[in-house]
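Printed here is upload-v6.txt (compact mmCIF, C-alpha atoms and all ligand atoms):
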# COMPACT_ATOMS: atom_id res chain seq x y z
CA MET A 1 88.92 133.15 104.72
CA ALA A 2 90.18 129.87 103.26
CA ILE A 3 90.97 127.01 105.64
CA VAL A 4 94.46 125.74 104.84
CA ILE A 5 95.54 122.42 106.38
CA LEU A 6 99.03 120.95 106.26
CA GLY A 7 99.05 117.14 106.55
CA ILE A 8 102.19 115.29 107.66
CA GLU A 9 102.73 111.53 107.38
CA THR A 10 105.74 109.67 108.84
CA SER A 11 104.35 106.37 110.15
CA CYS A 12 106.54 104.01 108.11
CA ASP A 13 108.99 104.54 105.25
CA GLU A 14 107.33 107.43 103.43
CA THR A 15 107.98 111.02 104.50
CA ALA A 16 104.97 112.84 103.11
CA ALA A 17 103.28 116.24 103.32
CA ALA A 18 100.29 117.79 101.59
CA VAL A 19 98.33 121.03 101.64
CA LEU A 20 94.55 121.07 101.50
CA ILE A 21 92.73 124.33 100.86
CA ASP A 22 89.02 124.28 101.74
CA GLY A 23 88.96 120.52 101.27
CA ARG A 24 90.80 120.49 97.93
CA ILE A 25 94.32 119.14 97.42
CA ALA A 26 96.77 121.92 96.52
CA SER A 27 99.94 119.80 96.80
CA ASN A 28 100.98 116.26 97.71
CA VAL A 29 104.66 115.45 98.16
CA VAL A 30 106.08 112.02 99.01
CA ALA A 31 109.70 111.02 99.61
CA THR A 32 109.95 107.23 99.53
CA GLN A 33 112.93 105.80 101.37
CA GLU A 34 114.45 103.53 98.73
CA ILE A 35 117.28 102.42 101.01
CA HIS A 36 115.15 99.66 102.59
CA VAL A 37 115.10 97.74 99.27
CA LYS A 38 118.71 96.77 99.96
CA TYR A 39 117.72 95.14 103.25
CA GLY A 40 114.62 93.34 102.01
CA GLY A 41 112.28 95.26 104.37
CA VAL A 42 111.89 98.44 106.40
CA LEU A 43 114.59 99.02 109.04
CA PRO A 44 112.78 101.08 111.73
CA GLU A 45 115.84 102.90 113.07
CA MET A 46 117.02 103.84 109.59
CA ALA A 47 113.48 104.96 108.67
CA SER A 48 113.27 107.36 111.65
CA ARG A 49 116.63 108.91 110.82
CA LEU A 50 115.60 109.43 107.21
CA HIS A 51 112.34 111.08 108.28
CA LEU A 52 114.48 113.55 110.23
CA GLU A 53 116.47 114.34 107.09
CA ASN A 54 113.46 114.49 104.79
CA ILE A 55 110.79 116.27 106.78
CA VAL A 56 111.96 119.86 106.35
CA PRO A 57 112.47 119.69 102.55
CA VAL A 58 109.25 117.67 102.05
CA VAL A 59 107.10 120.15 104.02
CA SER A 60 108.79 123.14 102.29
CA GLU A 61 108.11 121.61 98.88
CA ALA A 62 104.46 120.93 99.78
CA LEU A 63 103.98 124.57 100.86
CA GLU A 64 105.78 125.88 97.79
CA LYS A 65 103.81 123.73 95.35
CA ALA A 66 100.56 124.83 96.98
CA GLY A 67 101.68 128.46 96.79
CA VAL A 68 101.06 129.12 100.48
CA SER A 69 103.32 130.42 103.22
CA LYS A 70 103.52 128.95 106.73
CA LYS A 71 101.67 132.01 108.03
CA GLU A 72 98.63 131.15 105.92
CA LEU A 73 98.18 127.73 107.56
CA SER A 74 95.01 127.26 109.63
CA ALA A 75 96.04 123.97 111.30
CA ILE A 76 98.58 121.14 111.17
CA ALA A 77 97.42 117.54 110.97
CA PHE A 78 99.89 114.73 111.60
CA THR A 79 99.84 110.94 111.88
CA ARG A 80 99.70 110.13 115.58
CA GLY A 81 99.56 106.35 115.02
CA PRO A 82 99.52 103.48 114.37
CA GLY A 83 103.02 102.93 113.00
CA LEU A 84 106.69 102.59 113.88
CA ILE A 85 107.16 104.57 117.09
CA GLY A 86 110.48 106.22 116.14
CA CYS A 87 109.02 107.30 112.80
CA LEU A 88 105.81 108.63 114.35
CA LEU A 89 107.82 110.64 116.88
CA VAL A 90 109.53 112.62 114.12
CA GLY A 91 106.24 113.75 112.53
CA CYS A 92 104.59 114.40 115.90
CA SER A 93 107.48 116.50 117.25
CA TYR A 94 107.79 118.45 114.02
CA ALA A 95 104.04 119.17 113.88
CA LYS A 96 103.93 120.21 117.54
CA ALA A 97 106.88 122.59 117.17
CA MET A 98 105.46 124.14 114.02
CA ALA A 99 101.97 124.56 115.50
CA LEU A 100 103.44 126.14 118.62
CA ALA A 101 105.60 128.54 116.65
CA LEU A 102 102.71 129.57 114.37
CA ASP A 103 100.13 129.55 117.19
CA ILE A 104 97.70 127.40 115.23
CA PRO A 105 95.81 124.23 116.23
CA LEU A 106 97.16 120.68 115.99
CA ILE A 107 95.11 117.76 114.72
CA ALA A 108 96.06 114.17 115.63
CA VAL A 109 95.22 111.72 112.84
CA ASN A 110 94.71 107.97 112.97
CA HIS A 111 96.58 106.64 109.92
CA MET A 112 94.05 103.86 109.26
CA GLN A 113 91.11 106.27 109.43
CA ALA A 114 92.98 108.51 107.01
CA HIS A 115 93.26 105.60 104.51
CA VAL A 116 89.44 105.43 104.58
CA HIS A 117 89.19 109.23 104.22
CA ALA A 118 91.30 109.01 101.04
CA HIS A 119 87.95 108.21 99.37
CA PHE A 120 86.84 111.80 100.00
CA ILE A 121 89.73 113.46 98.17
CA ASP A 122 88.27 113.11 94.67
CA GLU A 123 84.81 112.54 93.26
CA PRO A 124 82.79 110.34 93.22
CA ARG A 125 82.67 110.04 96.99
CA PRO A 126 81.07 107.10 98.80
CA GLU A 127 77.84 107.53 100.70
CA PHE A 128 77.53 106.38 104.30
CA PRO A 129 77.41 103.67 105.39
CA PHE A 130 80.13 102.10 103.27
CA LEU A 131 82.61 99.26 103.63
CA CYS A 132 86.31 99.87 103.18
CA LEU A 133 88.89 97.13 102.77
CA THR A 134 92.20 98.73 103.74
CA VAL A 135 95.08 96.53 102.60
CA SER A 136 98.70 97.55 102.96
CA GLY A 137 102.10 96.23 103.95
CA GLY A 138 101.32 96.76 107.62
CA HIS A 139 97.55 96.39 107.87
CA THR A 140 94.55 94.49 106.62
CA GLN A 141 91.26 95.84 107.91
CA LEU A 142 87.63 95.68 106.98
CA VAL A 143 86.05 98.91 108.19
CA LEU A 144 82.40 99.92 108.42
CA ALA A 145 82.27 103.69 107.90
CA LYS A 146 78.98 104.91 109.39
CA ASP A 147 79.98 108.57 109.19
CA TYR A 148 83.17 110.61 108.70
CA LEU A 149 84.28 110.14 112.27
CA ASP A 150 82.17 107.15 113.21
CA MET A 151 83.92 104.00 112.03
CA GLN A 152 84.06 100.45 113.27
CA ILE A 153 86.65 97.81 112.52
CA LEU A 154 84.63 94.75 111.55
CA GLY A 155 87.67 92.55 111.17
CA GLN A 156 91.40 92.59 110.70
CA THR A 157 94.31 90.25 110.24
CA ILE A 158 95.19 88.12 113.21
CA ASP A 159 98.78 87.76 111.98
CA ASP A 160 100.40 89.02 108.74
CA ALA A 161 98.99 91.81 106.59
CA ALA A 162 98.03 91.08 102.96
CA GLY A 163 100.93 93.17 101.64
CA GLU A 164 103.28 91.31 103.93
CA ALA A 165 101.98 88.02 102.50
CA PHE A 166 102.77 89.30 98.99
CA ASP A 167 106.21 90.58 100.00
CA LYS A 168 107.30 87.55 102.03
CA THR A 169 106.20 84.93 99.52
CA ALA A 170 107.71 87.03 96.70
CA LYS A 171 111.00 86.95 98.60
CA MET A 172 110.81 83.13 98.65
CA LEU A 173 110.51 83.29 94.86
CA GLY A 174 113.69 85.37 94.69
CA LEU A 175 111.96 88.71 94.02
CA PRO A 176 113.28 91.97 95.55
CA TYR A 177 111.41 93.99 98.23
CA PRO A 178 108.63 95.04 98.00
CA GLY A 179 107.62 91.99 96.00
CA GLY A 180 103.89 92.78 95.71
CA PRO A 181 104.03 94.88 92.52
CA LEU A 182 106.44 92.44 90.82
CA MET A 183 104.33 89.46 91.76
CA ASP A 184 101.35 91.23 90.22
CA LYS A 185 103.30 91.77 86.99
CA LEU A 186 104.67 88.22 86.73
CA ALA A 187 101.29 86.71 87.60
CA ARG A 188 99.86 88.12 84.34
CA ASP A 189 101.74 85.38 82.43
CA GLY A 190 100.98 82.62 84.90
CA ASN A 191 98.20 80.13 85.60
CA PRO A 192 96.39 80.90 88.89
CA ASN A 193 95.30 77.28 89.20
CA ALA A 194 98.75 75.74 88.60
CA CYS A 195 99.56 75.31 92.30
CA HIS A 196 97.02 74.89 95.03
CA PHE A 197 97.55 76.67 98.33
CA PRO A 198 94.97 76.27 101.10
CA GLU A 199 92.69 79.23 101.69
CA PRO A 200 92.96 80.73 105.17
CA LYS A 201 90.18 79.59 107.48
CA VAL A 202 89.32 82.31 109.99
CA ALA A 203 85.88 82.92 111.40
CA GLY A 204 83.88 86.10 110.89
CA TYR A 205 85.42 89.16 109.33
CA ASP A 206 89.03 88.51 110.41
CA PHE A 207 91.88 87.57 108.08
CA SER A 208 94.99 85.39 108.42
CA PHE A 209 97.93 85.10 106.04
CA SER A 210 100.70 83.44 108.01
CA GLY A 211 99.48 79.93 107.13
CA LEU A 212 99.77 80.72 103.44
CA LYS A 213 103.36 81.85 103.95
CA THR A 214 104.20 78.53 105.63
CA SER A 215 102.43 76.42 103.02
CA VAL A 216 104.26 78.24 100.18
CA LEU A 217 107.56 77.66 102.01
CA TYR A 218 106.95 73.90 102.48
CA PHE A 219 105.68 73.57 98.91
CA LEU A 220 108.81 75.24 97.51
CA GLN A 221 111.12 73.20 99.74
CA ALA A 222 109.56 69.94 98.55
CA ARG A 223 109.58 70.90 94.86
CA THR A 224 113.10 72.31 94.77
CA LYS A 225 114.36 69.10 96.38
CA GLU A 226 113.08 67.23 93.29
CA ASP A 227 114.15 69.96 90.85
CA PRO A 228 116.52 72.73 92.00
CA ASP A 229 115.35 74.96 89.11
CA PHE A 230 111.66 74.59 89.97
CA ILE A 231 111.20 78.23 91.06
CA ASP A 232 112.93 79.63 87.96
CA LYS A 233 110.88 77.43 85.65
CA ARG A 234 107.53 78.10 87.30
CA ARG A 235 107.85 81.62 88.73
CA ASN A 236 104.92 83.04 86.76
CA ASP A 237 102.59 80.19 87.77
CA LEU A 238 103.70 80.48 91.38
CA CYS A 239 103.05 84.24 91.39
CA ALA A 240 99.63 83.78 89.80
CA SER A 241 98.65 81.02 92.25
CA ILE A 242 99.78 82.91 95.37
CA GLN A 243 98.12 86.13 94.18
CA HIS A 244 94.91 84.24 93.43
CA THR A 245 94.85 82.77 96.98
CA ILE A 246 95.45 86.16 98.67
CA VAL A 247 92.89 88.01 96.55
CA ARG A 248 90.28 85.27 97.03
CA ALA A 249 90.74 85.47 100.82
CA LEU A 250 90.25 89.25 100.75
CA MET A 251 87.24 89.15 98.43
CA LYS A 252 85.53 86.42 100.43
CA LYS A 253 85.39 88.62 103.54
CA LEU A 254 84.30 91.68 101.58
CA GLU A 255 81.48 89.69 99.96
CA PHE A 256 80.49 88.23 103.33
CA ALA A 257 80.36 91.65 105.02
CA SER A 258 78.41 93.18 102.15
CA ASP A 259 75.84 90.36 102.28
CA GLU A 260 75.53 90.32 106.07
CA LEU A 261 75.15 94.09 106.42
CA GLY A 262 73.32 94.73 103.16
CA ILE A 263 75.84 97.41 102.15
CA ARG A 264 76.74 97.88 98.50
CA GLU A 265 78.91 100.98 98.74
CA ILE A 266 82.36 99.39 98.65
CA GLY A 267 85.81 100.96 98.81
CA ILE A 268 89.32 99.59 98.75
CA ALA A 269 92.41 101.46 99.97
CA GLY A 270 96.08 100.92 100.89
CA GLY A 271 99.05 99.87 98.75
CA VAL A 272 97.66 96.42 97.89
CA SER A 273 94.61 98.04 96.28
CA ALA A 274 96.98 98.68 93.35
CA ASN A 275 96.93 94.93 92.68
CA SER A 276 95.41 94.36 89.26
CA LEU A 277 93.64 91.11 90.19
CA LEU A 278 92.11 92.67 93.32
CA ARG A 279 90.90 95.64 91.29
CA SER A 280 89.42 93.49 88.54
CA GLU A 281 87.78 91.16 91.07
CA VAL A 282 86.17 94.11 92.87
CA GLU A 283 84.85 95.28 89.48
CA ARG A 284 83.71 91.80 88.35
CA ILE A 285 82.06 90.74 91.61
CA GLY A 286 80.79 94.28 92.13
CA THR A 287 78.98 94.16 88.80
CA GLU A 288 77.47 90.76 89.67
CA ARG A 289 76.27 91.99 93.06
CA GLY A 290 75.28 95.54 92.20
CA TRP A 291 78.05 97.18 94.22
CA ILE A 292 79.05 100.80 93.77
CA ASN A 293 82.84 100.65 93.91
CA TYR A 294 85.31 103.31 94.96
CA ILE A 295 89.05 103.00 94.35
CA PRO A 296 91.09 106.13 95.11
CA LYS A 297 93.86 107.22 92.75
CA PHE A 298 97.00 105.18 93.38
CA GLU A 299 98.87 108.15 94.90
CA TYR A 300 96.15 108.40 97.54
CA CYS A 301 96.11 104.61 98.17
CA THR A 302 99.75 104.23 99.26
CA ASP A 303 100.92 106.24 102.27
CA ASN A 304 100.59 109.97 101.57
CA GLY A 305 100.09 113.35 103.20
CA ALA A 306 96.87 114.14 101.30
CA MET A 307 94.83 111.59 103.23
CA ILE A 308 96.24 112.93 106.53
CA ALA A 309 95.29 116.47 105.50
CA MET A 310 91.81 115.22 104.53
CA THR A 311 91.25 113.71 107.98
CA GLY A 312 92.66 117.00 109.34
CA TRP A 313 90.01 118.96 107.41
CA ILE A 314 87.22 116.65 108.62
CA LYS A 315 88.39 116.95 112.25
CA TYR A 316 88.89 120.72 111.88
CA LYS A 317 85.24 121.11 110.87
CA ALA A 318 84.21 118.88 113.80
CA GLY A 319 86.36 120.97 116.18
CA GLN A 320 88.49 117.98 117.17
CA PHE A 321 91.91 119.38 118.05
CA ALA A 322 94.84 117.90 119.96
CA GLU A 323 96.63 119.34 122.97
CA GLN A 324 100.28 120.45 122.74
CA THR A 325 101.08 117.54 125.08
CA VAL A 326 99.84 114.95 122.55
CA SER A 327 102.17 111.97 122.03
CA SER A 328 102.55 109.28 119.37
CA ILE A 329 100.94 105.86 119.78
CA ALA A 330 102.34 102.83 117.97
CA ARG A 331 99.07 100.92 118.30
CA TRP A 332 95.93 102.99 117.89
CA ARG A 333 92.76 101.36 116.67
CA ILE A 334 90.04 103.13 114.72
CA GLY A 335 87.21 103.80 117.16
CA GLU A 336 89.61 104.49 120.03
CA GLU A 337 90.04 108.15 119.08
O1 LIG B 1 100.08 101.34 101.79
P1 LIG B 1 101.50 101.01 101.46
O2 LIG B 1 102.20 101.84 100.44
O3 LIG B 1 102.40 101.08 102.74
C1 LIG B 1 102.10 100.50 103.95
O4 LIG B 1 101.43 101.18 104.76
O5 LIG B 1 102.49 99.34 104.14
O6 LIG B 1 101.51 99.47 101.03
C2 LIG B 1 102.68 98.82 100.63
C3 LIG B 1 102.33 97.37 100.31
C4 LIG B 1 103.57 96.51 100.07
O7 LIG B 1 103.40 95.32 100.82
C5 LIG B 1 103.51 96.23 98.58
O8 LIG B 1 104.07 95.01 98.19
C6 LIG B 1 102.03 96.24 98.32
O9 LIG B 1 101.55 97.30 99.11
N1 LIG B 1 101.70 96.46 96.90
C7 LIG B 1 101.17 95.51 96.11
C8 LIG B 1 101.05 96.08 94.82
N2 LIG B 1 101.50 97.37 94.89
C9 LIG B 1 101.89 97.58 96.18
N3 LIG B 1 100.80 94.24 96.37
C10 LIG B 1 100.29 93.54 95.36
N4 LIG B 1 100.14 94.02 94.10
C11 LIG B 1 100.50 95.27 93.79
N5 LIG B 1 100.34 95.72 92.55
ZN ZN B 2 99.29 103.06 105.33
Translate the structure described by the file into structure tokens.
Amino acid sequence: MAIVILGIETSCDETAAAVLIDGRIASNVVATQEIHVKYGGVLPEMASRLHLENIVPVVSEALEKAGVSKKELSAIAFTRGPGLIGCLLVGCSYAKAMALALDIPLIAVNHMQAHVHAHFIDEPRPEFPFLCLTVSGGHTQLVLAKDYLDMQILGQTIDDAAGEAFDKTAKMLGLPYPGGPLMDKLARDGNPNACHFPEPKVAGYDFSFSGLKTSVLYFLQARTKEDPDFIDKRRNDLCASIQHTIVRALMKKLEFASDELGIREIGIAGGVSANSLLRSEVERIGTERGWINYIPKFEYCTDNGAMIAMTGWIKYKAGQFAEQTVSSIARWRIGEE
């Protein structure tokens, strides 16, 4: 009999659900909460309320598109953490109620581990051990994947995430939230060496982006004092220079880890992996260094239910199920499962 897993994701501002049948994606539905654009960032309370509104139609659509009924489900996987606690609670409660009603097992998924598992949705799939740079609006992690369920965080940001660095500096340039994709677009017509911003200096595999944010702020304050139209005149150059600094900081750690550990299987994941400079740098440096690169399809890079269902499938095969008493955890590190 086919194993049918429903994956539910509600950790931030995407209400998402997907159905996986014997390890293959049968549907993947995402409802993005556009309302946060108006506020320049995600409002946690508003996000939880919208998950409540969205979860029933999103799950129904995922089941319908996959052509399966609730009764055919083998297990329900949901994001247990990390994320916004109110948002996580909606997905967790919904999954628990549904699993109880259907008398099927529950699988608790670590959202960051699921980002790494997104590499197993389509072919080609990385071979273990591989390195995964997971870069999103909330996280920046360099993960050593030794096996499906044996992962180690080598390093992570000690302050802001890479996506946050894109979004916050983009806001200073007058761009709407989330500024990352727009900055990427505007940077194409800019000079990356026009403005110099100091590269973050953090030891080992960790990252830091809050210093960049401050240096961009001071730089803009000084320049707009001399010329109030400075930002409007130089927006493309500013975007290209900021993007260049963020991507260089990310690549430096990936190169360092690859050299130190002698690993050439390299993956990137998370919303920032859509960045065109990051993608081209992974390709360029990868070719120079003999890396085998893996970049999941964009829909599996940003928050989605498919990656949660994939972790669900992996944990199902390993017999790792959750109790009905399972609760959400806002902070849950890979390796602490
Ligand atoms: O993974 P994701 O969809 O959600 C979170 O878990 O945060 O990532 C969203 C982040 C935002 O910060 C957004 O600005 C950034 O990914 N992003 C980009 C690009 N596309 C999305 N940043 C830079 N360049 C892009 N093309
Ligand atoms: Zn995410």
Excluding Gly305 of chain A and residues on its chain fewer than 4 positions from it, collect all residues at most 12 Å away from it, counting all atoms listed in the file, and give them as a PyMOL selection string.
chain A and resi 5-11+14-20+25-31+55+58-59+62+76-79+91+109+111+114-115+117-118+121+299-301+309-312
Got a sec to check which residues sit within 6 Å of (79.1, 99.2, 104.8), counting all atoms listed in the file, and write them as a PyMOL selection string?
chain A and resi 129-131+144+263
Given only C-alpha atoms and all ligand atoms, how would the per-residue table for chain A near ligand LIG 1 (chain B) read, listing every residue at most 6 Å away with its closest atom pair and distance in Å to one decimal, sorted by chain and number, as JSON lines?
{"residue": "A:Ser136", "atom": "CA", "partner": "B:LIG1", "partner_atom": "O6", "distance": 3.9}
{"residue": "A:Gly137", "atom": "CA", "partner": "B:LIG1", "partner_atom": "O5", "distance": 3.1}
{"residue": "A:Gly138", "atom": "CA", "partner": "B:LIG1", "partner_atom": "O5", "distance": 4.5}
{"residue": "A:Gly163", "atom": "CA", "partner": "B:LIG1", "partner_atom": "O7", "distance": 3.4}
{"residue": "A:Glu164", "atom": "CA", "partner": "B:LIG1", "partner_atom": "O7", "distance": 5.1}
{"residue": "A:Phe166", "atom": "CA", "partner": "B:LIG1", "partner_atom": "O8", "distance": 5.9}
{"residue": "A:Asp167", "atom": "CA", "partner": "B:LIG1", "partner_atom": "O8", "distance": 5.2}
{"residue": "A:Pro178", "atom": "CA", "partner": "B:LIG1", "partner_atom": "O8", "distance": 4.6}
{"residue": "A:Gly179", "atom": "CA", "partner": "B:LIG1", "partner_atom": "O8", "distance": 5.1}
{"residue": "A:Gly180", "atom": "CA", "partner": "B:LIG1", "partner_atom": "O8", "distance": 3.3}
{"residue": "A:Pro181", "atom": "CA", "partner": "B:LIG1", "partner_atom": "C11", "distance": 3.8}
{"residue": "A:Asp184", "atom": "CA", "partner": "B:LIG1", "partner_atom": "N4", "distance": 4.9}
{"residue": "A:Gly270", "atom": "CA", "partner": "B:LIG1", "partner_atom": "O1", "distance": 4.1}
{"residue": "A:Gly271", "atom": "CA", "partner": "B:LIG1", "partner_atom": "O6", "distance": 3.4}
{"residue": "A:Val272", "atom": "CA", "partner": "B:LIG1", "partner_atom": "C7", "distance": 4.0}
{"residue": "A:Ala274", "atom": "CA", "partner": "B:LIG1", "partner_atom": "N5", "distance": 4.5}
{"residue": "A:Asn275", "atom": "CA", "partner": "B:LIG1", "partner_atom": "N5", "distance": 3.5}
{"residue": "A:Thr302", "atom": "CA", "partner": "B:LIG1", "partner_atom": "O2", "distance": 3.6}
{"residue": "A:Asp303", "atom": "CA", "partner": "B:LIG1", "partner_atom": "O2", "distance": 4.9}
Computed interatomic separation between atom CA of Leu173 of chain A and atom CA of Asp229 of chain A (Å):
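Atom CA of Asp229 of chain A lies 11.2 Å from atom CA of Leu173 of chain A.
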Using all atoms listed in the file, give me every residue within 12 Å of (84.5, 108.3, 104.6) in file coordinates, as a PyMOL selection string.
chain A and resi 112-122+124-132+143-152+265-269+294+296+307+310-311+314
From the set A:Arg248, A:Ala194, A:Lys253, A:Ala108, which residue has the shortest atom-to-atom contact distance to Ser93 of chain A, counting all atoms listed in the file?
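For Ser93 of chain A, the nearest of the candidates is A:Ala108.
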Between atom CA of Val4 of chain A and atom CA of Val56 of chain A, what distance in Å does the model show, to one decimal?
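Between atom CA of Val4 of chain A and atom CA of Val56 of chain A the gap is 18.5 Å.
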Quick one: of A:Cys12, A:Leu182, A:Leu212, A:Leu102, who's nearest to ligand ZN 2 (chain B), counting only C-alpha atoms and all ligand atoms?
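The closest residue to ligand ZN 2 (chain B) is A:Cys12.
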In Å to one decimal, how far is atom CA of Ala187 of chain A from atom CA of Phe209 of chain A?
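Computed distance, atom CA of Phe209 of chain A to atom CA of Ala187 of chain A, equals 18.8 Å.
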With distances taken over all atoms listed in the file, the candidate from A:Pro198, A:Ile308, A:Ser258, A:Ala99 nearest ligand ZN 2 (chain B) is A:Ile308
If you count only C-alpha atoms and all ligand atoms, the residue of A:Lys317, A:Gly204, A:Pro176, A:Ser273 closest to ligand ZN 2 (chain B) turns out to be A:Ser273
